[in-house]
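Below is one structure, written out as structure tokens; comments come after it.
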Amino acid sequence: MLYQYFPILLLVTQFLWQSTYAISGVSNVDSSFSWPAPTAKDTDTEATRPIDTSFFSRQLIVYGKTAQLRLLESKALIVNECAALARETVKNLALTGVGEIYIVDHATGDREDDHCYSIQGDSPSLQQYAESLNPHVKVHSVQRETGGLSRAIQEVDMIVVCASKLETIHVWNAKARAAQKLLSAAMVKGPVGLVFNDFLDTFVIEDVDGESYKEVLLEHVDWAPDATDPARITVRCIDEQALRLGLGDTVELRPLPVHDEAGGEQPTTTAAHGDVATATASFVVERVVNTKTCRLRLVDPNDASAVAALRQRSPAAASSFALQKLKTRRTLHHQPFDQQLRAPSFAECNGCLSPKHDWALKTVLLASLQAFDTLQFATDDVHDPLRHDAAERRALSRLLLIEELKERGVRDPWRPISAGGRIGRQWIDYVYPRFLRSCIDAPCPATVSVIGATLAQEAVKGLTQRYAPISQLWLFESLDSLDDDAADDEEAANDAGADAVSSAQEANAVSRVYGEALQEELRGLRVFVVGAGAIGCELLKNFALLGVGEGRRRRHRHDNATAPEEDAAALAASPWGRHGLQHGGIVVTDDDAIERSNLNRQLLFRERHIGEAKATVAAAQVAAMNRHVRVVAYTHRVGAETAHLFDDAFWRHADVVVNALDNVDARRYVDAQCLRHKLPLIDSGTLGTQANVQVVLPFVTESYASSSDPPEDAVPLCTLKSFPFQSEHCVAWAKAQFDGLFDGDVRHLAMRQRLLQPLGQGQGAAAAEVVAAWRATLAADEQRRLDDNVETVASTRATIGSAAGTKGAAWRATFAWAQATFSRWFDAEVAQLLATHPRDSVDEDGQPFWTGSRRRPVAIAFDATQPLHRDWVAAAMWLRLQSLGWAAHVGVESLAKAQAIVAHLVAATDDDAAGAAGAAAVADEGREPLPSALAAAPLAPQSFEKDDLARGHVAFVEATSNLRSRNYALPPLETLDVQRLAGRIVPALATTTAHVAGLVSLELLKRERERLVRRFRNAYVNLAVPTVAFAQPVRAATTQAAWPAPSPRRWPPSTAETTQALLARLLRAPQPTTASAAASATAAAKASASAAASTTTAPASQWDELHVPPLRRAAEELAGGDGNSGSVNETDRILKLATTAAEETRTRRR
């Protein structure tokens, strides 16, 4: 399975990065860049300046608040020389949230790609388009004539260059160096792209990989494994966790908090060493024994006092330690662009789609780019040097390529590597014709998506100092997406390029780079896009720019093959035909509605679209980008329940399916349908900075279901209920309490009410029978909850409803319920656990009970002076009244109002005038009578809402989990972490989404889907490291079916040999060499034929007449051969069976 090798590829890439990353640069300017250390002012700004968490929620999970604040306060200058690349880069930076973006055109006049379809849609300018993407971003257009460029360079933090020539990167690199500004630059030529970083002479990375490291509990610490060196220790973690450490990692060892007998946290202290509970020591991993054990060495040998303090723990508490992996800073030294061109340091991120990724290929690609740049300058034609004479063009470009290689120290570029050369003819012949044909100034939209996303991500790295940047050159190519025939025929390739250029106003980038044949095929494709979320939006954008589904002409999707005649009536009657997509189009489906949290990464949606269907809006936005594309939107989930919509006719008449889903079950269903109908499938997914692409060719490569991700670590129920040792366990417990208290129990009560509603008064026996029958349909755990909690809900509803008749009485009744629930969860149940297992208790093995993953808790009594306690009670009151359907009737319209009521009830309001006035207003409202509509209010179960914080769901889970963490001395979690864990939010970035969508689009351009599997690439991407790893799709597993057991009746040897020789010839199988082997194989063939007795067979005329007589003679001997009618019929039957078996087997092999 391909996914098994992704972690290995990542580790190898990280090792290469660590060993080759630092580059000793030479510069006449002592330049450096590093964000200053946080000051008190910075801390205040972070605390007071709000971040729009509803907009940036998915991105905040990846970057964190500090990095997001830096982005919002940063400024970037975008140099626009390549309009398509500039649009893509500005789009990604705007969605990411760069505070201010300045756009300057490097050259005046029409650019080479202005005629192409644009992602701007109806926006008249790039500035307005970028501002519409993110209300938190300001976009400025820089005017060169008024001196605005000089001011902009001084004001910005970073310069981002979208170039069409290498010379442009050189010019702006010099300007950036002079102004001491970071620079990221990129260039796209057809299917080839280049990214370059210059982060000055010194650049500090604060967080290399962006991973969050969990604390690991230790089971044992050996303080003196080597008596001669006390600075070394050996640690072993508990069985429930793994260390996941590597050589050279820096870790921190700290003791866990200890509770005293009274229940409070009481650190153990000594006069000599101070506070043991707060003492820590930093170590370096010296040896990894296994996943549970490693040996550590003290970072500072002089810090022995910290180790001595840690060793003061009593033997009973020797295992009460935790190990935390630390983030380490890393310093980079970059060189200017001209030095990198002479002696390039290629990034070890394997960014080439072709199978050869070594230094030779990268060198030839870079030399080809330089030769092309020189050719542009020499011919004084900045738009397209390929307008000149074809022979002159080929000769000049090849000469320039060879000269560029020689300047890099390759004395004989033609000398093969096997003979001691560094390049070899095979590399030049592989790159040169493809590059010359496709590397015109018409960037492929799919390549632009990949390079634009990478460039934007590199800019974010420079602005935030988060993640490892490319150091320093990264070359990307998709030359395999070009036809081999066209690449081999250089003359035809150049002529095709010239023809494409001459009709540039009619053709887009695909026809200019790949030719009109592929463009016509893309126009006629019927593509099914499943999902219109982040990846779906980017895919639809790319397909619109590529001209997919324009429906202008229908061509078969295989070269040199005669297209079968389609059943016009069946196609017209299918869903494709009913929507007018017979000659090409796109069907997109998604059952979700647009939410505000989608706007940060789903580029087709705006504020005005919130609440509308994703698929409908996406289809309309795509039509604005390309008026020719035909898109039909469905608002349904793809699954068994919608098989009547996406029926066999729908799947049968599709050409390709592209997945943009966020759940495994839907992916498996689509995969099964594609296998059933033999449809190519391209699947992709993202997780923060990571992404993957899988190409599925039915019965040729592995399907999606052939491999699976490793299962998530399951947490035992006893751990969640009584022995949590991570804050995540507390969140899971809190979410379960929410689901039961405000959702499941309320639904059960509502169901019981609906069952009893038809029954009148005096029918208690009938009511009990109805409830008992319904109870029997529930699972055992649901029955227990019904018995324990639903009656409590009903009684609480009755108690509140029968209160003194005022709102204040209802408040006090609800407050009493919340306070009682608080005491039960965080005090009484914990006290019962401590009574069952005292401090000195032991387990069944005689070991101390409270050790390892079992952390001894402390009971917490309700304290109205504690803000967390009041917040929990307010959230519980608000949700209880909401679930009972009474919140609005009793005057509790919001969580804030519930908090004010709690403050009033506990007499904890502020002493200022405003607070007194607010308390008086609450008291006055409490005297109001309850409305008469209260009794008829319906129940309202609360399904957990992870994004809308105003509903109070996240507030309750956060308060509950943090109180639970206090019980067990675990660190509390912030709101964002609670949202992610309780809502199972998948982190997402606009840059990763655009990158993976570009890779998917490149796979769609590869026409020969079944004939040349080697063209296709599965991909694994991690933009943080960075890693871009490719592999050919794994071939589908083949299983040879076992023949049934042979019949006891055997053929004569001579007949067996004759028949088996015939069958072997028909099936193209090796003939048996011995009589016994022949008899065995013939008996197996006979048994197989007998098993297919009900199968009709083709007439004997389909076989060569020379083959029929021996087979008939063998059949006659097997049937008895006495010439009577019975034996003749038996002979015919056996002959038919054998012929059928041979035909079927040969068909399967074909």
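Residue numbering restarts at 1 for every chain of the structure tokens, chains are lettered A, B, ... in their displayed order, and ligands are numbered from 1 as they appear.
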Tell me, as a ChimeraX atom specification, which residues lie within 9 Å of A:Asp671, counting only C-alpha atoms; anything in the same chain fewer than 5 positions away does not count.
-> /A:666,676,681,696,703-705
Name all residues at most 9 Å from stretch 965-973 of chain A (count only C-alpha atoms; drop same-chain ones fewer than 2 positions away) and give them as JSON, numbers by chain.
-> {"A": [256, 257, 258, 259, 265, 723, 724, 725, 726, 727, 728, 730, 731, 826, 827, 830, 855, 856, 857, 858, 859, 860, 958, 960, 961, 962, 963, 975, 976, 977, 978]}
N, CA, C and O atoms of the current selection, written as a compact mmCIF listing (two decimals), in the first residue's frame:
```txt
# COMPACT_ATOMS: atom_id res chain seq x y z
N LEU A 256 5.11 15.38 37.95
CA LEU A 256 3.68 15.67 37.94
C LEU A 256 3.25 16.26 39.27
O LEU A 256 3.83 15.97 40.31
N PRO A 257 2.22 17.12 39.26
CA PRO A 257 1.73 17.70 40.52
C PRO A 257 1.24 16.61 41.46
O PRO A 257 0.73 15.57 41.04
N VAL A 258 1.40 16.85 42.76
CA VAL A 258 0.99 15.90 43.79
C VAL A 258 -0.06 16.56 44.65
O VAL A 258 0.11 17.70 45.11
N HIS A 259 -1.19 15.87 44.91
CA HIS A 259 -2.24 16.37 45.78
C HIS A 259 -1.98 15.96 47.22
O HIS A 259 -1.54 14.83 47.48
N GLU A 265 -3.60 20.82 45.61
CA GLU A 265 -2.27 20.57 45.05
C GLU A 265 -1.22 21.06 46.05
O GLU A 265 -1.23 22.20 46.48
N PHE A 723 -10.07 7.47 34.98
CA PHE A 723 -8.62 7.62 35.05
C PHE A 723 -8.05 8.39 33.86
O PHE A 723 -7.17 7.89 33.16
N PRO A 724 -8.51 9.58 33.58
CA PRO A 724 -7.91 10.34 32.47
C PRO A 724 -6.49 10.78 32.83
O PRO A 724 -6.20 11.12 33.98
N PHE A 725 -5.60 10.74 31.84
CA PHE A 725 -4.23 11.21 32.07
C PHE A 725 -3.79 12.22 31.01
O PHE A 725 -2.63 12.63 30.99
N GLN A 726 -4.71 12.62 30.13
CA GLN A 726 -4.46 13.69 29.17
C GLN A 726 -5.66 14.61 29.14
O GLN A 726 -6.80 14.19 29.37
N SER A 727 -5.41 15.87 28.82
CA SER A 727 -6.51 16.83 28.75
C SER A 727 -7.51 16.45 27.68
O SER A 727 -8.71 16.75 27.79
N GLU A 728 -7.04 15.77 26.61
CA GLU A 728 -7.94 15.34 25.55
C GLU A 728 -8.99 14.36 26.08
O GLU A 728 -10.13 14.35 25.61
N CYS A 730 -10.34 14.49 28.99
CA CYS A 730 -11.36 15.29 29.68
C CYS A 730 -12.33 15.92 28.68
O CYS A 730 -13.52 16.04 28.96
N VAL A 731 -11.82 16.33 27.52
CA VAL A 731 -12.70 16.89 26.50
C VAL A 731 -13.66 15.82 25.99
O VAL A 731 -14.86 16.08 25.80
N PHE A 826 -18.18 16.63 39.94
CA PHE A 826 -16.81 17.04 40.27
C PHE A 826 -16.47 16.86 41.74
O PHE A 826 -15.32 17.06 42.13
N ASP A 827 -17.44 16.50 42.57
CA ASP A 827 -17.18 16.34 43.99
C ASP A 827 -17.54 14.94 44.47
O ASP A 827 -16.67 14.15 44.86
N VAL A 830 -16.00 11.88 42.47
CA VAL A 830 -14.55 11.81 42.70
C VAL A 830 -14.26 11.34 44.11
O VAL A 830 -13.36 10.51 44.35
N ARG A 855 -3.90 8.76 37.61
CA ARG A 855 -3.56 9.96 38.36
C ARG A 855 -4.61 10.15 39.45
O ARG A 855 -5.80 10.15 39.20
N ARG A 856 -4.12 10.30 40.68
CA ARG A 856 -5.03 10.42 41.81
C ARG A 856 -5.74 11.79 41.74
O ARG A 856 -5.10 12.83 41.74
N PRO A 857 -7.08 11.79 41.70
CA PRO A 857 -7.80 13.06 41.55
C PRO A 857 -8.02 13.75 42.88
O PRO A 857 -7.66 13.24 43.95
N VAL A 858 -8.63 14.91 42.81
CA VAL A 858 -9.03 15.68 43.98
C VAL A 858 -10.45 16.15 43.75
O VAL A 858 -10.82 16.56 42.65
N ALA A 859 -11.29 16.06 44.76
CA ALA A 859 -12.68 16.50 44.66
C ALA A 859 -12.74 18.03 44.72
O ALA A 859 -11.96 18.67 45.43
N ILE A 860 -13.66 18.59 43.96
CA ILE A 860 -13.82 20.04 43.89
C ILE A 860 -15.24 20.38 44.32
O ILE A 860 -16.21 19.95 43.68
N GLU A 958 -16.06 23.27 27.25
CA GLU A 958 -14.78 23.81 27.71
C GLU A 958 -14.75 23.90 29.23
O GLU A 958 -13.77 23.48 29.87
N THR A 960 -16.58 22.22 31.37
CA THR A 960 -16.63 20.88 31.94
C THR A 960 -15.27 20.19 31.85
O THR A 960 -14.79 19.58 32.82
N SER A 961 -14.62 20.27 30.70
CA SER A 961 -13.32 19.62 30.54
C SER A 961 -12.25 20.25 31.41
O SER A 961 -11.40 19.54 31.99
N ASN A 962 -12.28 21.56 31.59
CA ASN A 962 -11.27 22.22 32.42
C ASN A 962 -11.50 21.93 33.90
O ASN A 962 -10.54 21.84 34.68
N LEU A 963 -12.76 21.80 34.32
CA LEU A 963 -13.01 21.38 35.70
C LEU A 963 -12.53 19.95 35.91
O LEU A 963 -11.95 19.61 36.95
N THR A 975 -10.19 27.59 24.18
CA THR A 975 -11.43 27.38 23.43
C THR A 975 -11.16 26.74 22.07
O THR A 975 -11.88 25.83 21.65
N LEU A 976 -10.13 27.18 21.39
CA LEU A 976 -9.83 26.65 20.07
C LEU A 976 -9.52 25.17 20.11
O LEU A 976 -9.94 24.40 19.24
N ASP A 977 -8.78 24.74 21.12
CA ASP A 977 -8.45 23.32 21.26
C ASP A 977 -9.70 22.50 21.56
O ASP A 977 -9.87 21.38 21.06
N VAL A 978 -10.58 23.05 22.40
CA VAL A 978 -11.82 22.35 22.71
C VAL A 978 -12.69 22.22 21.46
O VAL A 978 -13.29 21.17 21.21
```
Helix (DSSP H, G or I) positions in stretch 648-682 of chain A, given as an MDAnalysis selection string = chainID A and resid 648:652 664:677
Output N, CA, C and O atoms of each residue in that selection to a file, as an mmCIF file, in the first residue's frame.
```cif
data_model
loop_
_atom_site.group_PDB
_atom_site.id
_atom_site.type_symbol
_atom_site.label_atom_id
_atom_site.label_comp_id
_atom_site.auth_asym_id
_atom_site.auth_seq_id
_atom_site.Cartn_x
_atom_site.Cartn_y
_atom_site.Cartn_z
ATOM 1 N N ASP A 648 -27.309 3.883 -12.167
ATOM 2 C CA ASP A 648 -26.352 3.229 -13.047
ATOM 3 C C ASP A 648 -26.134 4.013 -14.332
ATOM 4 O O ASP A 648 -25.006 4.076 -14.855
ATOM 5 N N ALA A 649 -27.192 4.618 -14.863
ATOM 6 C CA ALA A 649 -27.049 5.401 -16.091
ATOM 7 C C ALA A 649 -26.139 6.606 -15.865
ATOM 8 O O ALA A 649 -25.350 6.982 -16.743
ATOM 9 N N PHE A 650 -26.226 7.193 -14.690
ATOM 10 C CA PHE A 650 -25.370 8.341 -14.391
ATOM 11 C C PHE A 650 -23.905 7.925 -14.354
ATOM 12 O O PHE A 650 -23.049 8.549 -14.988
ATOM 13 N N TRP A 651 -23.614 6.866 -13.617
ATOM 14 C CA TRP A 651 -22.222 6.422 -13.500
ATOM 15 C C TRP A 651 -21.708 5.891 -14.845
ATOM 16 O O TRP A 651 -20.553 6.127 -15.212
ATOM 17 N N ARG A 652 -22.554 5.200 -15.586
ATOM 18 C CA ARG A 652 -22.112 4.559 -16.825
ATOM 19 C C ARG A 652 -21.693 5.597 -17.869
ATOM 20 O O ARG A 652 -20.785 5.343 -18.667
ATOM 21 N N VAL A 664 -14.534 9.038 5.176
ATOM 22 C CA VAL A 664 -14.088 7.778 4.584
ATOM 23 C C VAL A 664 -15.254 7.001 3.982
ATOM 24 O O VAL A 664 -15.120 6.391 2.914
ATOM 25 N N ASP A 665 -16.404 6.997 4.648
ATOM 26 C CA ASP A 665 -17.527 6.200 4.161
ATOM 27 C C ASP A 665 -17.962 6.623 2.772
ATOM 28 O O ASP A 665 -18.206 5.782 1.895
ATOM 29 N N ALA A 666 -18.060 7.925 2.555
ATOM 30 C CA ALA A 666 -18.456 8.407 1.221
ATOM 31 C C ALA A 666 -17.390 8.071 0.192
ATOM 32 O O ALA A 666 -17.706 7.726 -0.955
ATOM 33 N N ARG A 667 -16.125 8.153 0.573
ATOM 34 C CA ARG A 667 -15.053 7.800 -0.353
ATOM 35 C C ARG A 667 -15.146 6.328 -0.760
ATOM 36 O O ARG A 667 -14.951 5.983 -1.933
ATOM 37 N N ARG A 668 -15.416 5.479 0.185
ATOM 38 C CA ARG A 668 -15.518 4.052 -0.131
ATOM 39 C C ARG A 668 -16.713 3.779 -1.046
ATOM 40 O O ARG A 668 -16.620 2.929 -1.942
ATOM 41 N N TYR A 669 -17.804 4.475 -0.847
ATOM 42 C CA TYR A 669 -18.968 4.262 -1.710
ATOM 43 C C TYR A 669 -18.663 4.695 -3.141
ATOM 44 O O TYR A 669 -18.952 3.966 -4.103
ATOM 45 N N VAL A 670 -18.059 5.871 -3.298
ATOM 46 C CA VAL A 670 -17.709 6.344 -4.642
ATOM 47 C C VAL A 670 -16.696 5.406 -5.281
ATOM 48 O O VAL A 670 -16.778 5.090 -6.471
ATOM 49 N N ASP A 671 -15.741 4.940 -4.503
ATOM 50 C CA ASP A 671 -14.737 4.011 -5.023
ATOM 51 C C ASP A 671 -15.395 2.727 -5.522
ATOM 52 O O ASP A 671 -15.038 2.212 -6.592
ATOM 53 N N ALA A 672 -16.362 2.227 -4.771
ATOM 54 C CA ALA A 672 -17.053 1.008 -5.192
ATOM 55 C C ALA A 672 -17.827 1.225 -6.488
ATOM 56 O O ALA A 672 -17.841 0.351 -7.371
ATOM 57 N N GLN A 673 -18.459 2.379 -6.634
ATOM 58 C CA GLN A 673 -19.199 2.663 -7.856
ATOM 59 C C GLN A 673 -18.259 2.791 -9.056
ATOM 60 O O GLN A 673 -18.582 2.341 -10.166
ATOM 61 N N CYS A 674 -17.114 3.396 -8.841
ATOM 62 C CA CYS A 674 -16.150 3.541 -9.939
ATOM 63 C C CYS A 674 -15.613 2.181 -10.371
ATOM 64 O O CYS A 674 -15.412 1.927 -11.565
ATOM 65 N N LEU A 675 -15.352 1.299 -9.420
ATOM 66 C CA LEU A 675 -14.916 -0.045 -9.772
ATOM 67 C C LEU A 675 -16.006 -0.793 -10.536
ATOM 68 O O LEU A 675 -15.731 -1.485 -11.520
ATOM 69 N N ARG A 676 -17.214 -0.641 -10.076
ATOM 70 C CA ARG A 676 -18.321 -1.355 -10.715
ATOM 71 C C ARG A 676 -18.507 -0.908 -12.150
ATOM 72 O O ARG A 676 -18.777 -1.721 -13.038
ATOM 73 N N HIS A 677 -18.352 0.396 -12.398
ATOM 74 C CA HIS A 677 -18.600 0.937 -13.739
ATOM 75 C C HIS A 677 -17.307 1.234 -14.504
ATOM 76 O O HIS A 677 -17.363 1.878 -15.557
#
```
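Using only C-alpha atoms for every distance, the candidate list A:Leu661, A:Ile101, A:Ala1037, A:Leu482 yields A:Leu482 as the residue closest to A:Val510.
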Would you please give, as a PyMOL selection string, all residues of stretch 99-247 of chain A that DSSP assigns to strand (DSSP E or B) based on the backbone?
-> chain A and resi 100-105+138-141+158-163+182-189+192-198+203-205+207+216-222+232-237
Taking into account only C-alpha atoms, which residue in the set A:His653, A:Arg812, A:Lys897, A:Arg523 is nearest to A:Ala572?
->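 Going through A:His653, A:Arg812, A:Lys897, A:Arg523 one by one, the smallest distance to A:Ala572 is for A:His653.
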Shell around stretch 82-96 of chain A at 7 Å using only C-alpha atoms, local window under 3 positions removed, as a PyMOL selection string = chain A and resi 111+113-114+126+130+133-134+137+162-164+448-449+452-453+455-456+600-601+990-991
Near A:Thr293, within 9 Å and counting only C-alpha atoms, which residues show up once chain neighbours fewer than 5 positions away are dropped, as a PDB file with all heavy atoms, in the first residue's frame?
```pdb
ATOM      1  N   THR A 234      17.968   6.917  31.780  1.00  0.00           N
ATOM      2  CA  THR A 234      17.159   6.084  30.883  1.00  0.00           C
ATOM      3  C   THR A 234      15.723   6.160  31.356  1.00  0.00           C
ATOM      4  O   THR A 234      15.448   6.019  32.558  1.00  0.00           O
ATOM      5  CB  THR A 234      17.643   4.630  30.889  1.00  0.00           C
ATOM      6  OG1 THR A 234      19.007   4.593  30.438  1.00  0.00           O
ATOM      7  CG2 THR A 234      16.789   3.777  29.967  1.00  0.00           C
ATOM      8  N   VAL A 235      14.798   6.362  30.410  1.00  0.00           N
ATOM      9  CA  VAL A 235      13.384   6.507  30.760  1.00  0.00           C
ATOM     10  C   VAL A 235      12.570   5.498  29.969  1.00  0.00           C
ATOM     11  O   VAL A 235      12.939   5.096  28.869  1.00  0.00           O
ATOM     12  CB  VAL A 235      12.877   7.940  30.477  1.00  0.00           C
ATOM     13  CG1 VAL A 235      13.635   8.954  31.314  1.00  0.00           C
ATOM     14  CG2 VAL A 235      13.001   8.282  29.002  1.00  0.00           C
ATOM     15  N   ARG A 236      11.453   5.086  30.556  1.00  0.00           N
ATOM     16  CA  ARG A 236      10.498   4.210  29.895  1.00  0.00           C
ATOM     17  C   ARG A 236       9.094   4.752  30.138  1.00  0.00           C
ATOM     18  O   ARG A 236       8.728   5.042  31.282  1.00  0.00           O
ATOM     19  CB  ARG A 236      10.623   2.780  30.415  1.00  0.00           C
ATOM     20  CG  ARG A 236       9.707   1.789  29.672  1.00  0.00           C
ATOM     21  CD  ARG A 236       9.929   0.345  30.105  1.00  0.00           C
ATOM     22  NE  ARG A 236       9.486   0.104  31.471  1.00  0.00           N
ATOM     23  CZ  ARG A 236      10.296  -0.120  32.490  1.00  0.00           C
ATOM     24  NH1 ARG A 236      11.616  -0.136  32.298  1.00  0.00           N
ATOM     25  NH2 ARG A 236       9.825  -0.342  33.704  1.00  0.00           N
ATOM     26  N   CYS A 237       8.309   4.881  29.068  1.00  0.00           N
ATOM     27  CA  CYS A 237       6.976   5.463  29.193  1.00  0.00           C
ATOM     28  C   CYS A 237       5.955   4.389  29.537  1.00  0.00           C
ATOM     29  O   CYS A 237       6.254   3.186  29.513  1.00  0.00           O
ATOM     30  CB  CYS A 237       6.578   6.183  27.904  1.00  0.00           C
ATOM     31  SG  CYS A 237       6.286   5.100  26.504  1.00  0.00           S
ATOM     32  N   ALA A 242       3.489   6.095  23.491  1.00  0.00           N
ATOM     33  CA  ALA A 242       4.784   5.829  22.860  1.00  0.00           C
ATOM     34  C   ALA A 242       5.589   7.115  22.870  1.00  0.00           C
ATOM     35  O   ALA A 242       5.036   8.219  22.824  1.00  0.00           O
ATOM     36  CB  ALA A 242       4.599   5.314  21.435  1.00  0.00           C
ATOM     37  N   LEU A 243       6.918   6.977  22.928  1.00  0.00           N
ATOM     38  CA  LEU A 243       7.775   8.165  23.026  1.00  0.00           C
ATOM     39  C   LEU A 243       7.803   8.968  21.729  1.00  0.00           C
ATOM     40  O   LEU A 243       7.761  10.186  21.738  1.00  0.00           O
ATOM     41  CB  LEU A 243       9.196   7.742  23.398  1.00  0.00           C
ATOM     42  CG  LEU A 243       9.370   7.206  24.826  1.00  0.00           C
ATOM     43  CD1 LEU A 243      10.782   6.704  25.040  1.00  0.00           C
ATOM     44  CD2 LEU A 243       9.033   8.285  25.856  1.00  0.00           C
ATOM     45  N   ARG A 287      20.011   7.887  22.588  1.00  0.00           N
ATOM     46  CA  ARG A 287      19.808   6.552  22.029  1.00  0.00           C
ATOM     47  C   ARG A 287      18.336   6.180  22.160  1.00  0.00           C
ATOM     48  O   ARG A 287      17.736   6.387  23.212  1.00  0.00           O
ATOM     49  CB  ARG A 287      20.678   5.517  22.751  1.00  0.00           C
ATOM     50  CG  ARG A 287      20.511   4.095  22.214  1.00  0.00           C
ATOM     51  CD  ARG A 287      21.214   3.089  23.100  1.00  0.00           C
ATOM     52  NE  ARG A 287      20.975   1.721  22.674  1.00  0.00           N
ATOM     53  CZ  ARG A 287      21.237   0.630  23.399  1.00  0.00           C
ATOM     54  NH1 ARG A 287      21.789   0.768  24.589  1.00  0.00           N
ATOM     55  NH2 ARG A 287      20.975  -0.565  22.931  1.00  0.00           N
ATOM     56  N   VAL A 288      17.791   5.655  21.088  1.00  0.00           N
ATOM     57  CA  VAL A 288      16.412   5.180  21.094  1.00  0.00           C
ATOM     58  C   VAL A 288      16.463   3.658  21.147  1.00  0.00           C
ATOM     59  O   VAL A 288      16.882   3.003  20.187  1.00  0.00           O
ATOM     60  CB  VAL A 288      15.634   5.664  19.859  1.00  0.00           C
ATOM     61  CG1 VAL A 288      14.221   5.086  19.864  1.00  0.00           C
ATOM     62  CG2 VAL A 288      15.592   7.185  19.818  1.00  0.00           C
TER      63      VAL A 288
END
```
Between atom CA of A:Ala613 and atom CA of A:Glu893 - distance in Å to one decimal |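 Separation of atom CA of A:Glu893 and atom CA of A:Ala613: 28.6 Å.
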